[in-house]
$ cat upload.txt   # compact mmCIF, C-alpha atoms and all ligand atoms
# COMPACT_ATOMS: atom_id res chain seq x y z
CA MET A 1 82.84 30.29 45.13
CA LYS A 2 85.37 29.75 42.36
CA ARG A 3 88.83 28.47 43.14
CA LYS A 4 91.48 30.86 41.90
CA GLY A 5 92.84 29.90 38.53
CA SER A 6 90.90 26.69 37.94
CA GLY A 7 87.43 28.18 37.68
CA ARG A 8 86.08 25.08 39.41
CA VAL A 9 84.44 24.87 42.80
CA THR A 10 85.81 22.76 45.65
CA ARG A 11 83.50 20.45 47.58
CA ARG A 12 83.92 22.59 50.72
CA GLU A 13 83.21 25.82 48.84
CA TRP A 14 80.27 24.26 47.15
CA LEU A 15 78.81 22.99 50.41
CA ARG A 16 79.30 26.38 52.05
CA GLY A 17 77.43 27.98 49.17
CA GLY A 18 74.84 25.25 49.40
CA ALA A 19 74.38 25.90 53.12
CA ALA A 20 73.54 29.53 52.50
CA PHE A 21 71.34 28.51 49.63
CA GLY A 22 69.71 25.79 51.72
CA ALA A 23 69.07 28.14 54.61
CA MET A 24 66.90 30.22 52.34
CA LEU A 25 64.89 27.16 51.46
CA ALA A 26 64.81 25.46 54.83
CA LEU A 27 61.49 24.01 55.79
CA PRO A 28 59.06 23.43 57.48
CA ALA A 29 58.11 27.04 56.82
CA CYS A 30 59.05 26.90 53.14
CA GLY A 31 55.86 27.96 51.45
CA GLY A 32 57.47 27.96 48.07
CA ARG A 33 57.65 31.76 47.93
CA GLY A 34 61.11 32.75 46.85
CA ALA A 35 62.32 29.24 47.55
CA ILE A 36 64.72 28.96 44.66
CA GLU A 37 64.53 32.42 43.16
CA THR A 38 68.29 32.65 43.53
CA VAL A 39 68.59 30.25 40.60
CA ASP A 40 68.51 32.79 37.80
CA ARG A 41 67.56 30.92 34.67
CA THR A 42 68.24 33.94 32.50
CA SER A 43 71.97 34.00 33.22
CA ASP A 44 74.41 31.76 31.40
CA LEU A 45 73.43 28.19 32.21
CA ASP A 46 76.86 26.71 31.52
CA SER A 47 78.70 28.98 33.94
CA ARG A 48 76.24 28.03 36.63
CA LYS A 49 75.88 24.36 35.84
CA ASP A 50 78.65 23.09 38.12
CA ARG A 51 77.32 25.09 41.01
CA TRP A 52 73.59 24.76 40.73
CA MET A 53 72.77 21.56 38.97
CA TYR A 54 71.42 19.13 41.51
CA ASP A 55 72.71 15.62 41.68
CA VAL A 56 69.19 14.41 42.32
CA ILE A 57 65.72 15.90 42.31
CA ILE A 58 63.23 13.86 44.30
CA VAL A 59 59.58 14.33 43.34
CA GLY A 60 57.27 13.60 46.29
CA GLY A 61 57.84 14.18 49.99
CA GLY A 62 56.02 11.25 51.59
CA PRO A 63 57.80 8.48 53.51
CA ALA A 64 59.59 7.34 50.34
CA GLY A 65 60.80 10.75 49.16
CA LEU A 66 61.88 11.79 52.65
CA ALA A 67 63.85 8.58 53.17
CA GLY A 68 65.50 8.96 49.78
CA ALA A 69 66.47 12.55 50.60
CA LEU A 70 68.03 11.48 53.91
CA MET A 71 70.02 8.69 52.30
CA LEU A 72 71.31 10.90 49.48
CA GLY A 73 71.92 13.81 51.84
CA ARG A 74 74.08 11.64 54.05
CA ALA A 75 75.94 10.52 50.94
CA ARG A 76 76.78 14.22 50.39
CA ARG A 77 74.72 14.47 47.23
CA ARG A 78 73.15 17.78 46.33
CA VAL A 79 69.43 17.08 46.54
CA LEU A 80 66.24 18.98 45.92
CA LEU A 81 63.05 17.44 47.30
CA CYS A 82 59.87 18.81 45.68
CA ASP A 83 56.56 18.08 47.36
CA ALA A 84 53.06 19.10 46.32
CA GLY A 85 51.71 18.58 49.83
CA ALA A 86 48.62 16.40 49.54
CA ARG A 87 49.46 13.05 51.04
CA ARG A 88 47.85 9.67 50.44
CA ASN A 89 47.09 8.95 54.09
CA ALA A 90 45.69 12.46 54.65
CA ALA A 91 42.49 11.01 56.07
CA ALA A 92 44.28 8.97 58.72
CA THR A 93 44.82 10.59 62.09
CA ARG A 94 47.58 8.16 63.06
CA MET A 95 50.14 6.11 61.23
CA HIS A 96 50.83 2.61 62.50
CA ASN A 97 53.33 -0.16 61.93
CA PHE A 98 56.39 2.04 61.37
CA VAL A 99 58.70 0.81 64.07
CA THR A 100 59.50 3.57 66.61
CA ARG A 101 56.73 5.70 65.02
CA ASP A 102 53.67 3.54 65.77
CA GLY A 103 50.71 5.84 66.36
CA THR A 104 52.43 9.00 65.09
CA PRO A 105 50.16 11.47 63.26
CA PRO A 106 51.30 11.51 59.59
CA ASP A 107 51.87 15.28 59.66
CA GLU A 108 54.15 14.86 62.66
CA PHE A 109 56.06 12.14 60.82
CA ARG A 110 56.69 14.53 57.94
CA ARG A 111 57.58 17.39 60.26
CA VAL A 112 60.22 15.38 62.10
CA ALA A 113 61.63 14.04 58.83
CA ARG A 114 61.97 17.57 57.44
CA GLU A 115 63.52 18.79 60.67
CA GLN A 116 66.12 16.05 60.43
CA LEU A 117 66.79 16.85 56.77
CA ALA A 118 67.46 20.46 57.74
CA GLU A 119 70.68 19.16 59.37
CA TYR A 120 72.03 18.52 55.89
CA PRO A 121 72.81 21.77 54.05
CA ASN A 122 73.15 19.86 50.79
CA VAL A 123 69.45 18.86 50.94
CA GLU A 124 66.91 21.50 49.96
CA LEU A 125 63.15 21.33 50.01
CA LEU A 126 60.65 23.03 47.79
CA ASP A 127 56.90 22.91 48.41
CA ALA A 128 55.76 22.85 44.81
CA ARG A 129 54.18 20.50 42.31
CA VAL A 130 56.42 19.27 39.53
CA GLN A 131 54.44 19.65 36.32
CA GLN A 132 56.86 18.45 33.71
CA VAL A 133 60.08 16.53 33.24
CA THR A 134 62.18 16.83 30.10
CA GLY A 135 65.75 16.17 29.07
CA GLU A 136 67.76 13.04 29.48
CA LYS A 137 69.99 11.20 31.93
CA GLY A 138 72.70 13.58 33.10
CA GLU A 139 70.67 16.70 32.44
CA LEU A 140 67.03 16.24 33.36
CA GLU A 141 64.93 19.37 33.58
CA VAL A 142 62.09 19.67 36.02
CA ARG A 143 59.38 22.29 35.73
CA ALA A 144 57.82 23.34 39.05
CA GLY A 145 55.62 26.43 38.90
CA GLU A 146 57.61 29.15 37.17
CA ARG A 147 60.89 27.42 37.86
CA THR A 148 62.96 25.08 35.77
CA ILE A 149 65.55 23.12 37.69
CA SER A 150 68.18 20.70 36.44
CA ALA A 151 69.45 17.47 37.91
CA ARG A 152 71.61 14.57 36.88
CA ARG A 153 69.13 12.01 38.17
CA LEU A 154 65.49 11.96 39.22
CA LEU A 155 63.81 9.91 41.94
CA LEU A 156 60.03 9.67 41.59
CA CYS A 157 58.14 9.12 44.86
CA THR A 158 54.75 10.54 43.90
CA GLY A 159 52.60 7.84 45.51
CA MET A 160 49.22 6.74 44.13
CA ILE A 161 45.79 8.36 44.05
CA ASP A 162 42.95 6.36 45.64
CA GLU A 163 39.48 6.46 44.14
CA VAL A 164 37.50 6.29 47.38
CA PRO A 165 34.48 3.90 47.03
CA LYS A 166 31.52 5.72 45.52
CA LEU A 167 29.04 5.18 48.33
CA PRO A 168 27.17 7.96 50.13
CA GLY A 169 29.19 8.86 53.23
CA ALA A 170 32.31 6.95 52.16
CA ASP A 171 34.46 10.07 51.76
CA ALA A 172 33.94 11.08 55.39
CA LEU A 173 34.68 7.57 56.66
CA TRP A 174 37.80 6.92 54.52
CA GLY A 175 40.75 6.50 56.87
CA LYS A 176 38.45 6.64 59.91
CA ALA A 177 36.31 3.50 59.48
CA ILE A 178 37.01 2.46 55.88
CA PHE A 179 40.57 1.22 55.63
CA GLN A 180 42.81 -0.32 53.01
CA CYS A 181 45.05 -2.28 55.39
CA PRO A 182 44.28 -4.21 58.60
CA TYR A 183 47.92 -4.11 59.72
CA CYS A 184 47.75 -0.29 59.67
CA HIS A 185 44.28 0.08 61.16
CA GLY A 186 43.08 -3.21 62.65
CA TRP A 187 44.30 -3.43 66.22
CA GLU A 188 42.24 -0.42 67.32
CA VAL A 189 39.00 -2.06 66.09
CA ARG A 190 39.76 -5.69 66.92
CA ASP A 191 36.89 -7.97 67.96
CA ARG A 192 34.31 -5.70 66.28
CA PRO A 193 32.16 -6.60 63.26
CA TRP A 194 34.25 -6.10 60.10
CA GLY A 195 33.49 -6.18 56.41
CA TYR A 196 35.33 -6.27 53.10
CA LEU A 197 33.87 -4.31 50.22
CA ALA A 198 34.91 -6.27 47.15
CA ARG A 199 35.26 -5.20 43.53
CA PRO A 200 35.53 -7.60 40.57
CA ASP A 201 39.21 -6.55 40.21
CA ASP A 202 39.91 -7.93 43.70
CA LEU A 203 39.20 -11.54 42.77
CA GLY A 204 42.91 -12.43 42.46
CA HIS A 205 43.72 -11.64 46.11
CA LEU A 206 40.25 -11.67 47.64
CA VAL A 207 40.24 -15.00 49.47
CA PRO A 208 43.62 -14.72 51.27
CA PHE A 209 43.00 -11.06 52.08
CA VAL A 210 39.57 -11.65 53.61
CA THR A 211 40.62 -14.87 55.35
CA GLN A 212 43.46 -13.07 57.16
CA LEU A 213 40.96 -10.58 58.64
CA ARG A 214 39.81 -13.37 60.95
CA GLY A 215 43.06 -12.83 62.85
CA TRP A 216 41.59 -9.61 64.24
CA THR A 217 37.94 -10.53 64.68
CA GLU A 218 35.58 -13.49 64.47
CA ASP A 219 32.92 -11.39 62.75
CA VAL A 220 33.80 -10.86 59.08
CA THR A 221 31.40 -10.30 56.17
CA LEU A 222 32.43 -10.20 52.53
CA PHE A 223 30.23 -7.82 50.53
CA THR A 224 30.28 -8.70 46.82
CA SER A 225 27.21 -6.63 45.81
CA GLY A 226 26.57 -9.51 43.39
CA ALA A 227 29.01 -7.79 41.03
CA PHE A 228 30.90 -10.99 40.23
CA GLU A 229 30.57 -14.72 40.67
CA LEU A 230 32.60 -16.21 43.52
CA PRO A 231 34.20 -19.51 42.43
CA ASP A 232 33.08 -22.58 44.44
CA GLU A 233 36.60 -23.07 45.80
CA ALA A 234 36.61 -19.49 47.11
CA ARG A 235 33.27 -20.07 48.84
CA ARG A 236 34.57 -23.27 50.38
CA VAL A 237 37.68 -21.58 51.85
CA LEU A 238 35.73 -18.56 53.09
CA ALA A 239 33.19 -20.84 54.74
CA GLY A 240 36.07 -22.72 56.38
CA ALA A 241 37.37 -19.42 57.74
CA GLY A 242 33.93 -18.54 59.07
CA VAL A 243 33.53 -15.56 56.72
CA ARG A 244 29.93 -14.71 55.74
CA VAL A 245 29.29 -13.79 52.11
CA GLU A 246 26.69 -11.10 51.47
CA GLU A 247 25.73 -10.79 47.80
CA ALA A 248 22.94 -8.20 48.02
CA PRO A 249 24.05 -4.85 46.57
CA VAL A 250 25.47 -2.44 49.13
CA ALA A 251 23.21 0.64 49.15
CA GLY A 252 24.86 2.80 51.79
CA LEU A 253 26.65 3.18 55.09
CA ILE A 254 25.08 3.85 58.46
CA ALA A 255 27.39 6.02 60.55
CA GLU A 256 27.39 8.07 63.72
CA GLY A 257 29.83 10.87 63.01
CA GLU A 258 33.10 9.24 62.00
CA ARG A 259 32.03 5.88 63.46
CA LEU A 260 30.63 3.26 61.09
CA VAL A 261 27.75 1.25 62.53
CA ALA A 262 26.40 -0.88 59.69
CA VAL A 263 26.36 -1.51 55.97
CA GLU A 264 22.96 -0.93 54.39
CA LEU A 265 21.85 -3.38 51.74
CA ALA A 266 19.51 -2.85 48.80
CA GLY A 267 16.08 -3.98 49.93
CA GLY A 268 16.53 -2.53 53.39
CA GLY A 269 18.66 -5.05 55.29
CA ARG A 270 21.55 -3.97 57.49
CA THR A 271 24.73 -5.81 58.43
CA PRO A 272 26.54 -4.59 61.54
CA CYS A 273 29.99 -3.35 60.53
CA GLU A 274 32.38 -1.05 62.37
CA ALA A 275 35.44 -1.42 60.15
CA LEU A 276 35.08 -1.79 56.40
CA TYR A 277 38.16 -2.78 54.38
CA ALA A 278 38.45 -2.01 50.70
CA HIS A 279 40.99 -1.78 47.93
CA PRO A 280 39.65 1.03 45.82
CA ALA A 281 40.92 1.58 42.33
CA GLN A 282 44.11 3.61 42.20
CA ARG A 283 45.71 5.74 39.53
CA GLN A 284 49.08 7.30 38.91
CA THR A 285 49.52 11.07 39.10
CA GLU A 286 49.35 13.15 35.91
CA LEU A 287 53.11 13.66 36.01
CA ILE A 288 53.85 9.95 35.95
CA LEU A 289 51.37 9.35 33.13
CA SER A 290 52.91 12.20 31.13
CA LEU A 291 56.35 10.57 31.25
CA GLY A 292 55.26 7.49 29.32
CA LEU A 293 57.12 5.15 31.66
CA THR A 294 56.52 1.43 31.34
CA LEU A 295 53.76 0.39 33.73
CA GLU A 296 52.87 -3.07 34.94
CA ALA A 297 49.31 -3.54 36.22
CA GLY A 298 49.21 0.23 36.69
CA PHE A 299 52.44 0.49 38.68
CA VAL A 300 55.72 1.97 37.47
CA GLN A 301 58.01 -0.85 36.46
CA VAL A 302 61.51 -0.66 37.92
CA ASP A 303 64.61 -2.78 37.77
CA PRO A 304 64.30 -4.82 41.00
CA MET A 305 67.85 -4.08 42.13
CA ARG A 306 68.57 -0.59 40.79
CA ARG A 307 65.00 0.71 40.84
CA GLU A 308 65.59 2.56 37.59
CA THR A 309 62.48 2.99 35.45
CA SER A 310 62.22 2.51 31.69
CA MET A 311 63.52 6.10 31.34
CA PRO A 312 67.31 6.13 31.88
CA GLY A 313 68.36 8.21 34.88
CA VAL A 314 64.85 8.23 36.33
CA TYR A 315 64.30 6.05 39.39
CA ALA A 316 61.13 5.31 41.35
CA ALA A 317 60.23 4.13 44.87
CA GLY A 318 57.25 3.84 47.17
CA ASP A 319 53.59 3.24 46.44
CA LEU A 320 53.73 4.12 42.76
CA THR A 321 55.78 1.00 42.07
CA THR A 322 53.87 -1.67 43.98
CA ARG A 323 50.60 -2.97 45.35
CA MET A 324 52.40 -3.76 48.66
CA GLN A 325 51.86 -0.26 49.98
CA ALA A 326 52.89 0.93 53.43
CA ALA A 327 55.09 3.68 54.78
CA LEU A 328 58.06 1.57 55.90
CA PRO A 329 58.47 -0.44 52.67
CA GLY A 330 58.02 2.81 50.76
CA ALA A 331 60.88 4.35 52.71
CA ALA A 332 62.97 1.19 52.29
CA THR A 333 62.62 1.11 48.50
CA ALA A 334 63.60 4.79 48.35
CA MET A 335 66.74 4.03 50.35
CA GLN A 336 67.55 1.30 47.87
CA ALA A 337 67.00 3.66 44.92
CA ALA A 338 69.02 6.39 46.61
CA SER A 339 72.03 4.15 47.13
CA MET A 340 71.87 2.97 43.53
CA ILE A 341 71.72 6.57 42.31
CA HIS A 342 74.74 7.47 44.42
CA VAL A 343 76.69 4.50 43.06
CA ASP A 344 75.68 5.35 39.49
CA LEU A 345 76.82 8.96 39.87
CA ALA A 346 80.09 7.93 41.51
CA MET A 347 80.81 5.44 38.76
CA GLU A 348 79.96 7.96 36.08
CA GLN A 349 82.36 10.48 37.56
CA ALA A 350 85.12 7.89 37.95
CA LEU A 351 84.74 6.72 34.36
CA GLU A 352 84.82 10.29 33.08
CA ARG A 353 88.11 10.84 34.90
CA ALA A 354 89.64 7.45 34.19
CA SER A 355 92.53 7.48 31.77
CA PRO A 356 91.72 5.89 28.40
C1 LIG B 401 43.86 6.19 54.73
C2 LIG B 401 45.22 5.57 54.71
C3 LIG B 401 45.84 5.21 55.89
C4 LIG B 401 47.11 4.64 55.86
N1 LIG B 401 47.70 4.27 57.03
C5 LIG B 401 48.92 3.72 57.03
C6 LIG B 401 49.55 3.32 58.24
O1 LIG B 401 49.00 3.46 59.32
N2 LIG B 401 50.79 2.77 58.15
C7 LIG B 401 51.43 2.57 56.96
O2 LIG B 401 52.55 2.06 56.93
N3 LIG B 401 50.85 2.95 55.80
C8 LIG B 401 49.62 3.51 55.81
N4 LIG B 401 49.03 3.86 54.63
C9 LIG B 401 49.79 3.70 53.39
C10 LIG B 401 50.83 4.81 53.31
O3 LIG B 401 50.20 6.06 53.49
C11 LIG B 401 51.56 4.77 51.99
O4 LIG B 401 52.02 3.46 51.71
C12 LIG B 401 52.75 5.73 52.04
O5 LIG B 401 52.31 7.04 52.32
C13 LIG B 401 53.48 5.69 50.72
O6 LIG B 401 54.49 6.63 50.72
P1 LIG B 401 54.96 7.34 49.38
O7 LIG B 401 56.05 8.26 49.79
O8 LIG B 401 55.21 6.32 48.33
O9 LIG B 401 53.69 8.16 48.84
P2 LIG B 401 52.83 9.31 49.56
O10 LIG B 401 52.88 9.20 51.03
O11 LIG B 401 51.50 9.25 48.90
O12 LIG B 401 53.56 10.64 49.16
C14 LIG B 401 53.59 11.09 47.83
C15 LIG B 401 53.89 12.57 47.87
O13 LIG B 401 54.20 13.00 46.53
C16 LIG B 401 53.61 14.26 46.33
N5 LIG B 401 53.45 14.45 44.89
C17 LIG B 401 52.68 13.78 44.02
N6 LIG B 401 52.82 14.26 42.78
C18 LIG B 401 53.71 15.28 42.87
C19 LIG B 401 54.29 16.18 41.92
N7 LIG B 401 53.97 16.14 40.63
N8 LIG B 401 55.17 17.12 42.35
C20 LIG B 401 55.52 17.18 43.66
N9 LIG B 401 55.01 16.34 44.60
C21 LIG B 401 54.13 15.39 44.20
C22 LIG B 401 52.30 14.20 47.09
O14 LIG B 401 51.82 15.49 47.38
C23 LIG B 401 52.72 13.43 48.34
O15 LIG B 401 53.18 14.31 49.34
C24 LIG B 401 47.77 4.43 54.63
C25 LIG B 401 47.15 4.79 53.43
C26 LIG B 401 45.88 5.35 53.46
C27 LIG B 401 45.22 5.71 52.17
$ encode --input "upload.txt" --output "structure tokens"
Amino acid sequence: MKRKGSGRVTRREWLRGGAAFGAMLALPACGGRGAIETVDRTSDLDSRKDRWMYDVIIVGGGPAGLAGALMLGRARRRVLLCDAGARRNAAATRMHNFVTRDGTPPDEFRRVAREQLAEYPNVELLDARVQQVTGEKGELEVRAGERTISARRLLLCTGMIDEVPKLPGADALWGKAIFQCPYCHGWEVRDRPWGYLARPDDLGHLVPFVTQLRGWTEDVTLFTSGAFELPDEARRVLAGAGVRVEEAPVAGLIAEGERLVAVELAGGGRTPCEALYAHPAQRQTELILSLGLTLEAGFVQVDPMRRETSMPGVYAAGDLTTRMQAALPGAATAMQAASMIHVDLAMEQALERASP
């Protein structure tokens, strides 16, 4: 791998080495076993640094992380994508509203994305959870299982964790009849009775969100469970939209298998409902919380153009940065971050080499 005399590695040599290295890691079958064992942390780090330090480690292999990996791979960056596996839309059988992929099962989406990434020998994948990040811009260290891996930059695409509504039967119906987004899962249940399960935290976006549901069906009920007071103006607009407001506490869900039939109210009443929308509370992953990044309303704050977080050299994209959560915008923000990372690395290299 070393060029005679100089001790440095040419791009071509490096890529050839990377191809062999990548072949060992190539997914989809990469179960993590042996994935990066060839990186021997006990040998002299400095002698290996040029060869094995990644340009970018991406944490999270959902739509955002995969898109970021593709963008950086095509920019000839040396990339490691680490993914823990569990995905946010695991409960959904189909993914909608991703142009050319409408109706694709989420697992299939990931499989095709990984297959396409395998075309780029400079992109490697590791099925492992990143537990810790240390170091600083230029030499960030990532701990994944027993491995410690270094990178110049980090792109966080870890998504968010949903706290599914705590109602008996809700877990089984999440993603099947309880949805977070009508654009993703509305067409298939259009013209049926719908509901919105509100929480006090929803008040800021409640009226426009529920009003828009009328675009899919004439039969919409807002369930407040009497947990908060609806302002008069909100009632007026909802009435204008033909939305019913049900303030009795929601006691349960009546379902037939994975099909929701009605919402059960305290006191015994039932409201027909076949699609129930909700914005459950969300939280960041442990890794994100451990980094102490600046958050805004629970989301990782990023520079709007560069998508760099409050930690220099650490970028973020996808659900963890915004309430506007969907696969395509997640992928788009990762592309933006990826291009900014590439530019930053190129500039850094140029400045290092520039004459004083
Ligand atoms: C039920 C449901 C249905 C949905 N349906 C649609 C739809 O039809 N269309 C649509 O556009 N959107 C849909 N969404 C939203 C969509 O799933 C998200 O917006 C999208 O997945 C966000 O992509 P992401 O890459 O940011 O995060 P995610 O897809 O959540 O991916 C994050 C990845 O990071 C990994 N990860 C987390 N922490 C670590 C760590 N420490 N180390 C390594 N890996 C880690 C996770 O395992 C996961 O694979 C749906 C959401 C839900 C909940």
$ closest_residue --input "upload.txt" --among "A:Gln132, A:Gly226, A:Gly318, A:Arg94" --to "A:Ala67" --atoms "all atoms listed in the file"
A:Gly318
$ closest_residue --input "upload.txt" --among "A:Val207, A:Ala255, A:Met335, A:Ala327" --to "ligand LIG 401 (chain B)" --atoms "all atoms listed in the file"
A:Ala327
$ residues_around --input "upload.txt" --residues "A:Ala144" --least-positions-apart "6" --cutoff "10 Å" --atoms "only C-alpha atoms" --output "PyMOL selection string"
chain A and resi 82-84+126-133
$ residues_near_point --input "upload.txt" --point "(73.4, 14.1, 59.1)" --cutoff "6 Å" --atoms "only C-alpha atoms" --output "PyMOL selection string"
chain A and resi 74+119-120
$ closest_atom_pairs --input "upload.txt" --of "chain A" --to "ligand LIG 401 (chain B)" --cutoff "7 Å" --atoms "all atoms listed in the file" --output "tab-separated table"
residue	atom	partner	partner_atom	distance
A:Val59	CA	B:LIG401	C20	5.0
A:Gly60	CA	B:LIG401	O13	3.1
A:Gly61	CA	B:LIG401	O15	4.7
A:Gly62	CA	B:LIG401	O7	3.5
A:Pro63	CA	B:LIG401	O7	4.1
A:Ala64	CA	B:LIG401	O7	3.7
A:Gly65	CA	B:LIG401	O7	5.4
A:Cys82	CA	B:LIG401	C20	5.1
A:Asp83	CA	B:LIG401	N9	3.6
A:Ala84	CA	B:LIG401	N9	3.8
A:Gly85	CA	B:LIG401	O14	3.9
A:Ala86	CA	B:LIG401	O14	4.0
A:Arg87	CA	B:LIG401	C23	4.2
A:Arg88	CA	B:LIG401	O11	4.0
A:Asn89	CA	B:LIG401	C26	3.8
A:Ala90	CA	B:LIG401	C1	6.5
A:Ala91	CA	B:LIG401	C1	5.2
A:Ala92	CA	B:LIG401	C1	4.9
A:Arg94	CA	B:LIG401	O1	6.2
A:Met95	CA	B:LIG401	O1	3.5
A:His96	CA	B:LIG401	O1	3.8
A:Asn97	CA	B:LIG401	N2	5.4
A:Phe98	CA	B:LIG401	O2	5.9
A:Ala128	CA	B:LIG401	C20	5.8
A:Arg129	CA	B:LIG401	N8	3.5
A:Val130	CA	B:LIG401	N8	3.8
A:Gln131	CA	B:LIG401	N7	5.6
A:Cys157	CA	B:LIG401	O8	5.3
A:Thr158	CA	B:LIG401	O13	3.6
A:Gly159	CA	B:LIG401	O9	3.5
A:Met160	CA	B:LIG401	O11	5.9
A:Asp162	CA	B:LIG401	C27	6.9
A:Trp174	CA	B:LIG401	C1	6.1
A:Gly175	CA	B:LIG401	C1	3.8
A:Phe179	CA	B:LIG401	C1	6.0
A:Gln180	CA	B:LIG401	C26	6.5
A:Cys184	CA	B:LIG401	O1	4.0
A:His185	CA	B:LIG401	O1	6.1
A:Thr285	CA	B:LIG401	N6	5.9
A:Leu287	CA	B:LIG401	N7	5.3
A:Ala317	CA	B:LIG401	O8	6.5
A:Gly318	CA	B:LIG401	O8	3.4
A:Asp319	CA	B:LIG401	O8	4.0
A:Leu320	CA	B:LIG401	O8	6.2
A:Gln325	CA	B:LIG401	O4	4.1
A:Ala326	CA	B:LIG401	O4	3.2
A:Ala327	CA	B:LIG401	O2	3.7
A:Leu328	CA	B:LIG401	O2	5.6
A:Gly330	CA	B:LIG401	O8	5.1
A:Ala331	CA	B:LIG401	O7	6.9
$ axis_aligned_box --input "upload.txt" --around "stretch 68-72 of chain A" --padding-each-side "5 Å" --output "AutoDock Vina command-line options"
--center_x 68.4 --center_y 10.6 --center_z 51.7 --size_x 15.8 --size_y 13.9 --size_z 14.4
$ residues_around --input "upload.txt" --residues "A:Leu260" --least-positions-apart "3" --cutoff "12 Å" --atoms "all atoms listed in the file" --output "ChimeraX atom specification"
/A:169-170,172-179,189,192-195,252-257,263-264,271-277
$ atom_distance --input "upload.txt" --atom1 "atom CA of A:Ile288" --atom2 "atom CA of A:Val142"
12.7 Å
$ atom_distance --input "upload.txt" --atom1 "atom CA of A:His279" --atom2 "atom CA of A:Glu308"
27.0 Å
$ residues_around --input "upload.txt" --residues "A:Ala297" --least-positions-apart "3" --cutoff "10 Å" --atoms "only C-alpha atoms" --output "list in words"
Val300, Gln301, Thr321, Thr322 and Arg323 of chain A
$ residues_around --input "upload.txt" --residues "A:Ser225" --least-positions-apart "5" --cutoff "9 Å" --atoms "only C-alpha atoms" --output "list in words"
Leu197, Ala198, Arg199, Glu246, Glu247, Ala248, Pro249, Val250, Ala251 and Leu265 of chain A
$ atom_distance --input "upload.txt" --atom1 "atom CA of A:Gly313" --atom2 "atom CA of A:Leu293"
12.1 Å
$ residues_near_point --input "upload.txt" --point "(73.3, 18.2, 38.9)" --cutoff "7 Å" --atoms "all atoms listed in the file" --output "ChimeraX atom specification"
/A:52-56,150-152
$ closest_residue --input "upload.txt" --among "A:Glu188, A:Glu108, A:Glu348, A:Glu124" --to "A:Arg77" --atoms "all atoms listed in the file"
A:Glu124
$ closest_residue --input "upload.txt" --among "A:Val123, A:Leu206, A:Leu289, A:Ile57" --to "A:Arg76" --atoms "only C-alpha atoms"
A:Val123
$ decode --input "upload.txt" --residues "stretch 210-223 of chain A" --atoms "N, CA and C atoms" --output "tab-separated table (two decimals), in the first residue's frame"
chain	number	residue	atom	x	y	z
A	210	VAL	N	-55.45	18.99	12.36
A	210	VAL	CA	-56.72	18.25	12.31
A	210	VAL	C	-57.59	18.75	11.15
A	211	THR	N	-57.54	20.05	10.89
A	211	THR	CA	-58.35	20.60	9.80
A	211	THR	C	-57.94	19.98	8.46
A	212	GLN	N	-56.64	19.78	8.26
A	212	GLN	CA	-56.19	19.22	6.97
A	212	GLN	C	-56.71	17.80	6.76
A	213	LEU	N	-57.00	17.09	7.85
A	213	LEU	CA	-57.45	15.70	7.70
A	213	LEU	C	-58.75	15.61	6.89
A	214	ARG	N	-59.50	16.72	6.88
A	214	ARG	CA	-60.75	16.74	6.11
A	214	ARG	C	-60.51	16.56	4.61
A	215	GLY	N	-59.28	16.75	4.19
A	215	GLY	CA	-58.95	16.52	2.77
A	215	GLY	C	-59.08	15.06	2.38
A	216	TRP	N	-59.00	14.17	3.37
A	216	TRP	CA	-59.05	12.73	3.08
A	216	TRP	C	-60.41	12.11	3.39
A	217	THR	N	-61.12	12.73	4.33
A	217	THR	CA	-62.40	12.16	4.74
A	217	THR	C	-63.29	13.24	5.36
A	218	GLU	N	-64.59	13.04	5.25
A	218	GLU	CA	-65.52	14.01	5.84
A	218	GLU	C	-65.75	13.73	7.32
A	219	ASP	N	-65.30	12.55	7.77
A	219	ASP	CA	-65.65	12.09	9.12
A	219	ASP	C	-64.41	12.14	10.03
A	220	VAL	N	-64.25	13.27	10.71
A	220	VAL	CA	-63.07	13.45	11.57
A	220	VAL	C	-63.51	13.82	12.99
A	221	THR	N	-62.97	13.11	13.96
A	221	THR	CA	-63.24	13.42	15.38
A	221	THR	C	-61.92	13.75	16.07
A	222	LEU	N	-61.93	14.85	16.81
A	222	LEU	CA	-60.77	15.18	17.64
A	222	LEU	C	-61.04	14.68	19.06
A	223	PHE	N	-60.16	13.81	19.55
A	223	PHE	CA	-60.29	13.28	20.91
A	223	PHE	C	-59.34	14.06	21.82
